[in-house]
Amino acid sequence: MRRPVSSYPDIMDKIVIEGGHELHGEIRISGAKNAALPIIAATLLTPGWHTLYNVPDLRDIRTILSLMATLGVVWEKNGPDTLRINTADLSGCEASYDLVKTMRASVLVLGPLLVRMGRARVSLPGGCAIGARPINFHTQGLKKLGAEVVLEQGYVEAVISNRLPGGTVYFDFPSVTGTENLLMAAVLAKGTTVLKNVAREPEIGNLIDMLISMGAEIEGRDTDKLIIYGVESLNPAEITIIPDRIETGTYLIAVGAVGGEVKLTHCDPALLPALTEKLRLAGLDLTEMADCFLVRGNGSPLSVDIKTMVYPGFPTDLQAQMMALMTFADGTSFINETIFENRFMHVAELRRLGADIKVDGASAIVRGSGGLTGAKVMATDLRASASLVIAGLAAHGVTEVSRVYHLDRGYENLVKKLTGVGAVIQRKEDN
Ligand code: EPZ
C-alpha cells in the first residue's frame, strides 16, 4: 500500500510555544533519518523483500519512497516503524528534478541504480539553505570506479557496460553521502574497490551492516578506509535502523535550555561523544545507560565554545541547536561552522527573540543575555527550525515558528513528544 506524499500535515503550519515550562518525563527517540535514507536506497541493489525496522515516519522518508515508487519499487508498512521494500520490478532508472529538488539526499539512488540497471539518470540536487551542496565527489568517484558520467541539462547521466570495474578513490573531504553512494556502487563491482578518507558517521556503519547482511564483502567499518570486494549478486535482507543521534542531541539541548529532568529512551549515548562532552562542560547533568540518557538541566547553562567537525567531532547538525542554548548562558561562546558555508540562517531569527549574536564568516560570537523574549520567527532549514523551537521553549512569552514543514523532514512527532514532557506547544494552521 503506497501512501501519497500529500498525506502528511499541511506544509504551511506553524508551531506556537509558550516558553518557561520545564521538561519532565520520558521521550522515545526514533530511528535515524540519515541512516534510513541510504539503507532504503540500498534495497535497489537486489530484488526481493527487504525488511527495515525502526524506520522513522518523516517527510524525507516519504519523499525517497515516492521517488522509489516512480522507479517501480513497491513497499508496505508493517506496523508503525517497519517497512518492507521490494525492488524486483524496476521500471526506470531516472530520478527527476521535481523530486530530487525537494530532497538532495535523493542523490543516494545514483550508485545503486547504476550498478543494478547499468545506467542511472539523476537530477543534480541543486543547493539548499545551508550551502551549494555540490556532488562532485559522487560523480568523480563513480568515474574513478569505471563508470561513464556526464552532466547535461541539470542531470547526472552515468553508464557502465556490463559491470562496474571498481578502483581506488580518495575523498578530498569525507563526504557522508558521497561515501555512501560509492560504497553502494562498489559492492556489485567486478573487482576490488578502496575508498580512502571516507566519512565515519555511525549512519555509514548502519549501511555497511545492511550491505554485509545482503552478502556484500566490506572491510574497515568505522575507519577512514573501506575495502570492498565486489560480488556478483546480493540477497534481500533485514536491518534495524540505529537511533537518531541528532534527534537525541536536540532534546538533550532543549532540557539544558529550559531546565528539567528527562529520560531519552531507545537511543545510543555512544553516538554523541562530542556533544555529551560539551553539554557536561555547559553544566548539564548527563547519565548514560545502554540505550538511554538521563539528562538534568537548570535552564542556566554555562558558555562553551563549539567547532563543528566530521564524526566523531561536534556534529554540524547540532550547531544551530547549541547556538540557541548558548543564548541562555551567562557568558560568551564562540561557534565555528567548518562543514557548510551558510549554516547560520537561524541567527537572524534568534536575534528576533533578542539574542546577541555577531557573525563573521564561518564564526559566530554569542553573548548570553540570560533570556530571550518570544516573537514570530521563520524556519529556514531543518536544524535551524529545531534551534528556534528550543529557543521558544525557554523564552519569556509566546514564540510562533512558521514553515514547520522543515521540522517535519527530520523530527517525528516533535509536538507530541515535547507535550508529553510538559511543554506548552501546539501546531496550528498558519493562515
Ligand atoms: C549529510 O549530508 C547529511 N545528510 C547532512 O544532514 C549532514 O549535515 C552532512 O552529511 C554533514 O554531516 C544525509 O546524510 C542525508 P557532505 P551530505 O557530503 O552528505 C561538501 C540533516 O540535517 N561536498 O558530508 O550532503 C559539502 O558542500 C542533513 O539531516 C562537496 O564539496 O554532506 C559540504 O560543505 C543536513 N562535494 C561538505 O562537503 C561533494 O560531492 C560536507 O558535505 C559532496 C560534499
# chains A, B, ... in the order shown; residues from 1 in each chain; ligands from 1
call {"tool": "select_by_dssp", "arguments": {"residues": "range 191-385 of chain A", "states": "helix (DSSP H, G or I)", "output": "PyMOL selection string"}}
result
chain A and resi 202-213+245-258+269-271+273-281+316-326+345-352+382-385
call {"tool": "residues_near_ligand", "arguments": {"ligand": "ligand 1", "cutoff": "7 Å", "atoms": "only C-alpha atoms and all ligand atoms", "output": "PDB file with C-alpha atoms, in the first residue's frame"}}
result
ATOM      1  CA  LYS A  33      16.696   9.692   9.176  1.00  0.00           C
ATOM      2  CA  ASN A  34      20.239   9.767   7.800  1.00  0.00           C
ATOM      3  CA  LEU A  37      17.685   7.132   3.629  1.00  0.00           C
ATOM      4  CA  ALA A 105      19.576  13.003  -0.376  1.00  0.00           C
ATOM      5  CA  GLY A 131      25.070  25.725   1.075  1.00  0.00           C
ATOM      6  CA  ALA A 132      25.782  24.989  -2.577  1.00  0.00           C
ATOM      7  CA  ARG A 133      25.896  21.277  -1.785  1.00  0.00           C
ATOM      8  CA  PRO A 134      27.759  20.079  -4.923  1.00  0.00           C
ATOM      9  CA  ILE A 135      28.039  16.348  -5.686  1.00  0.00           C
ATOM     10  CA  ASN A 136      31.394  16.346  -7.483  1.00  0.00           C
ATOM     11  CA  PHE A 137      32.830  13.752  -5.085  1.00  0.00           C
ATOM     12  CA  HIS A 138      29.972  11.418  -6.062  1.00  0.00           C
ATOM     13  CA  PHE A 173      36.627  15.729   2.012  1.00  0.00           C
ATOM     14  CA  PRO A 174      34.981  12.853   3.920  1.00  0.00           C
ATOM     15  CA  SER A 175      31.546  13.347   2.376  1.00  0.00           C
ATOM     16  CA  VAL A 176      28.795  11.362   4.123  1.00  0.00           C
ATOM     17  CA  THR A 177      26.506  10.661   1.162  1.00  0.00           C
ATOM     18  CA  GLY A 178      29.491  10.625  -1.171  1.00  0.00           C
ATOM     19  CA  VAL A 310      33.283  15.454  10.830  1.00  0.00           C
ATOM     20  CA  PRO A 315      28.136  17.440  14.548  1.00  0.00           C
ATOM     21  CA  THR A 316      27.250  20.330  12.252  1.00  0.00           C
ATOM     22  CA  ASP A 317      23.627  19.130  12.521  1.00  0.00           C
ATOM     23  CA  ILE A 339      31.325  21.932   7.294  1.00  0.00           C
ATOM     24  CA  PHE A 340      28.827  24.143   5.425  1.00  0.00           C
ATOM     25  CA  GLU A 341      29.364  27.642   4.091  1.00  0.00           C
ATOM     26  CA  LEU A 382      15.677  21.520   9.194  1.00  0.00           C
ATOM     27  CA  ARG A 383      18.093  22.076  12.067  1.00  0.00           C
ATOM     28  CA  GLY A 410      13.609  15.225  10.375  1.00  0.00           C
TER      29      GLY A 410
END
call {"tool": "residues_around", "arguments": {"residues": "range 193-202 of chain A", "least_positions_apart": "4", "cutoff": "7 Å", "atoms": "only C-alpha atoms", "output": "number ranges by chain"}}
result
A: 166-171, 174-176, 179, 186, 206, 222-229, 271, 311
call {"tool": "atom_distance", "arguments": {"atom1": "CA of Ile241 in chain A", "atom2": "CA of Asn54 in chain A"}}
result
5.4 Å
call {"tool": "residues_around", "arguments": {"residues": "Tyr155 in chain A", "least_positions_apart": "3", "cutoff": "12 Å", "atoms": "only C-alpha atoms", "output": "PyMOL selection string"}}
result
chain A and resi 94-98+100-101+107+110+120-126+135+139+149-152+158
call {"tool": "select_by_dssp", "arguments": {"residues": "range 19-247 of chain A", "states": "strand (DSSP E)", "output": "JSON, numbers by chain"}}
result
{"A": [23, 24, 25, 26, 27, 28, 49, 50, 51, 52, 53, 74, 75, 76, 77, 83, 84, 85, 86, 94, 95, 119, 120, 121, 122, 123, 148, 149, 150, 151, 152, 155, 156, 157, 158, 159, 168, 169, 170, 192, 193, 194, 195, 196, 217, 218, 219, 225, 226, 227, 228, 229, 238, 239, 240]}
call {"tool": "closest_residue", "arguments": {"among": "A:Thr46, A:Glu148, A:Ala88, A:Asp356", "to": "Arg116 in chain A", "atoms": "only C-alpha atoms"}}
result
A:Thr46
call {"tool": "atom_distance", "arguments": {"atom1": "CA of Met289 in chain A", "atom2": "CA of Ala257 in chain A"}}
result
22.2 Å
call {"tool": "closest_atom_pairs", "arguments": {"of": "range 367-388 of chain A", "to": "range 319-325 of chain A", "cutoff": "8 Å", "atoms": "only C-alpha atoms", "output": "JSON lines"}}
result
{"residue": "A:Arg383", "atom": "CA", "partner": "A:Ala320", "partner_atom": "CA", "distance": 6.3}
{"residue": "A:Ala384", "atom": "CA", "partner": "A:Ala320", "partner_atom": "CA", "distance": 5.6}
{"residue": "A:Ala386", "atom": "CA", "partner": "A:Gln321", "partner_atom": "CA", "distance": 6.4}
{"residue": "A:Ser387", "atom": "CA", "partner": "A:Gln321", "partner_atom": "CA", "distance": 4.2}
{"residue": "A:Leu388", "atom": "CA", "partner": "A:Ala324", "partner_atom": "CA", "distance": 7.2}
call {"tool": "residues_around", "arguments": {"residues": "Ile64 in chain A", "least_positions_apart": "4", "cutoff": "9 Å", "atoms": "only C-alpha atoms", "output": "compact mmCIF listing (two decimals) with N, CA and C atoms, in the first residue's frame"}}
result
# COMPACT_ATOMS: atom_id res chain seq x y z
N LEU A 37 17.66 6.70 5.04
CA LEU A 37 17.68 7.13 3.63
C LEU A 37 18.66 6.31 2.79
N ILE A 40 17.38 2.61 2.54
CA ILE A 40 16.27 2.46 1.58
C ILE A 40 16.82 2.45 0.16
N ALA A 41 17.77 3.34 -0.13
CA ALA A 41 18.37 3.35 -1.47
C ALA A 41 19.09 2.03 -1.76
N ARG A 59 8.89 13.26 6.67
CA ARG A 59 8.67 13.76 5.31
C ARG A 59 9.77 13.26 4.37
N ASP A 60 11.04 13.29 4.83
CA ASP A 60 12.13 12.86 3.94
C ASP A 60 12.02 11.38 3.59
N MET A 68 11.23 6.26 -5.08
CA MET A 68 11.40 4.83 -5.38
C MET A 68 10.17 4.29 -6.13
N ALA A 69 8.99 4.79 -5.76
CA ALA A 69 7.76 4.33 -6.43
C ALA A 69 7.79 4.69 -7.91
N LEU A 99 11.44 15.69 -7.86
CA LEU A 99 11.56 15.00 -6.57
C LEU A 99 12.92 15.32 -5.93
N VAL A 100 13.98 15.29 -6.73
CA VAL A 100 15.32 15.48 -6.16
C VAL A 100 15.46 16.87 -5.56
N MET A 103 14.52 17.05 -1.98
CA MET A 103 15.40 16.41 -1.00
C MET A 103 16.68 15.96 -1.69
N ALA A 105 19.10 14.37 -0.69
CA ALA A 105 19.58 13.00 -0.38
C ALA A 105 19.07 11.99 -1.40
N SER A 106 18.17 12.44 -2.29
CA SER A 106 17.71 11.56 -3.38
C SER A 106 18.88 11.12 -4.25
call {"tool": "closest_residue", "arguments": {"among": "A:Leu183, A:Ala375, A:Val359, A:Leu414", "to": "Ala42 in chain A", "atoms": "only C-alpha atoms"}}
result
A:Leu183
call {"tool": "residues_around", "arguments": {"residues": "Ala282 in chain A", "least_positions_apart": "3", "cutoff": "8 Å", "atoms": "only C-alpha atoms", "output": "list in words"}}
result
Lys278, Leu279, Pro301, Leu302, Ser303 and Val304 of chain A
call {"tool": "closest_residue", "arguments": {"among": "A:Pro165, A:Ser369, A:Asp244, A:Ala348", "to": "Ser300 in chain A", "atoms": "only C-alpha atoms"}}
result
A:Ser369
call {"tool": "closest_residue", "arguments": {"among": "A:Glu349, A:Asp13, A:Lys307, A:Gly313", "to": "Ser363 in chain A", "atoms": "only C-alpha atoms"}}
result
A:Lys307
call {"tool": "decode", "arguments": {"residues": "range 275-289 of chain A", "atoms": "N, CA and C atoms", "output": "JSON list (two decimals), in the first residue's frame"}}
result
[["chain", "number", "residue", "atom", "x", "y", "z"],
["A", 275, "LEU", "N", 29.09, 15.87, 21.74],
["A", 275, "LEU", "CA", 28.02, 16.67, 22.35],
["A", 275, "LEU", "C", 27.96, 16.44, 23.85],
["A", 276, "THR", "N", 28.07, 15.20, 24.30],
["A", 276, "THR", "CA", 27.97, 14.94, 25.75],
["A", 276, "THR", "C", 29.09, 15.65, 26.49],
["A", 277, "GLU", "N", 30.27, 15.69, 25.89],
["A", 277, "GLU", "CA", 31.40, 16.41, 26.49],
["A", 277, "GLU", "C", 31.06, 17.89, 26.66],
["A", 278, "LYS", "N", 30.53, 18.48, 25.60],
["A", 278, "LYS", "CA", 30.22, 19.91, 25.61],
["A", 278, "LYS", "C", 29.06, 20.22, 26.57],
["A", 279, "LEU", "N", 28.07, 19.34, 26.61],
["A", 279, "LEU", "CA", 26.91, 19.61, 27.48],
["A", 279, "LEU", "C", 27.30, 19.50, 28.95],
["A", 280, "ARG", "N", 28.23, 18.59, 29.25],
["A", 280, "ARG", "CA", 28.70, 18.49, 30.64],
["A", 280, "ARG", "C", 29.48, 19.74, 31.02],
["A", 281, "LEU", "N", 30.27, 20.23, 30.06],
["A", 281, "LEU", "CA", 31.01, 21.48, 30.34],
["A", 281, "LEU", "C", 30.03, 22.65, 30.51],
["A", 282, "ALA", "N", 28.89, 22.55, 29.85],
["A", 282, "ALA", "CA", 27.86, 23.61, 29.95],
["A", 282, "ALA", "C", 27.05, 23.49, 31.23],
["A", 283, "GLY", "N", 27.36, 22.44, 32.02],
["A", 283, "GLY", "CA", 26.72, 22.32, 33.33],
["A", 283, "GLY", "C", 25.55, 21.36, 33.40],
["A", 284, "LEU", "N", 25.25, 20.64, 32.31],
["A", 284, "LEU", "CA", 24.14, 19.68, 32.36],
["A", 284, "LEU", "C", 24.60, 18.42, 33.08],
["A", 285, "ASP", "N", 23.65, 17.76, 33.74],
["A", 285, "ASP", "CA", 23.95, 16.51, 34.44],
["A", 285, "ASP", "C", 23.46, 15.37, 33.55],
["A", 286, "LEU", "N", 24.41, 14.63, 32.94],
["A", 286, "LEU", "CA", 24.05, 13.58, 31.97],
["A", 286, "LEU", "C", 24.42, 12.22, 32.52],
["A", 287, "THR", "N", 23.46, 11.30, 32.54],
["A", 287, "THR", "CA", 23.76, 9.91, 32.89],
["A", 287, "THR", "C", 23.52, 9.05, 31.67],
["A", 288, "GLU", "N", 24.56, 8.29, 31.27],
["A", 288, "GLU", "CA", 24.44, 7.46, 30.07],
["A", 288, "GLU", "C", 24.19, 6.01, 30.48],
["A", 289, "MET", "N", 23.15, 5.42, 29.89],
["A", 289, "MET", "CA", 22.92, 3.99, 30.11],
["A", 289, "MET", "C", 22.95, 3.30, 28.75]]
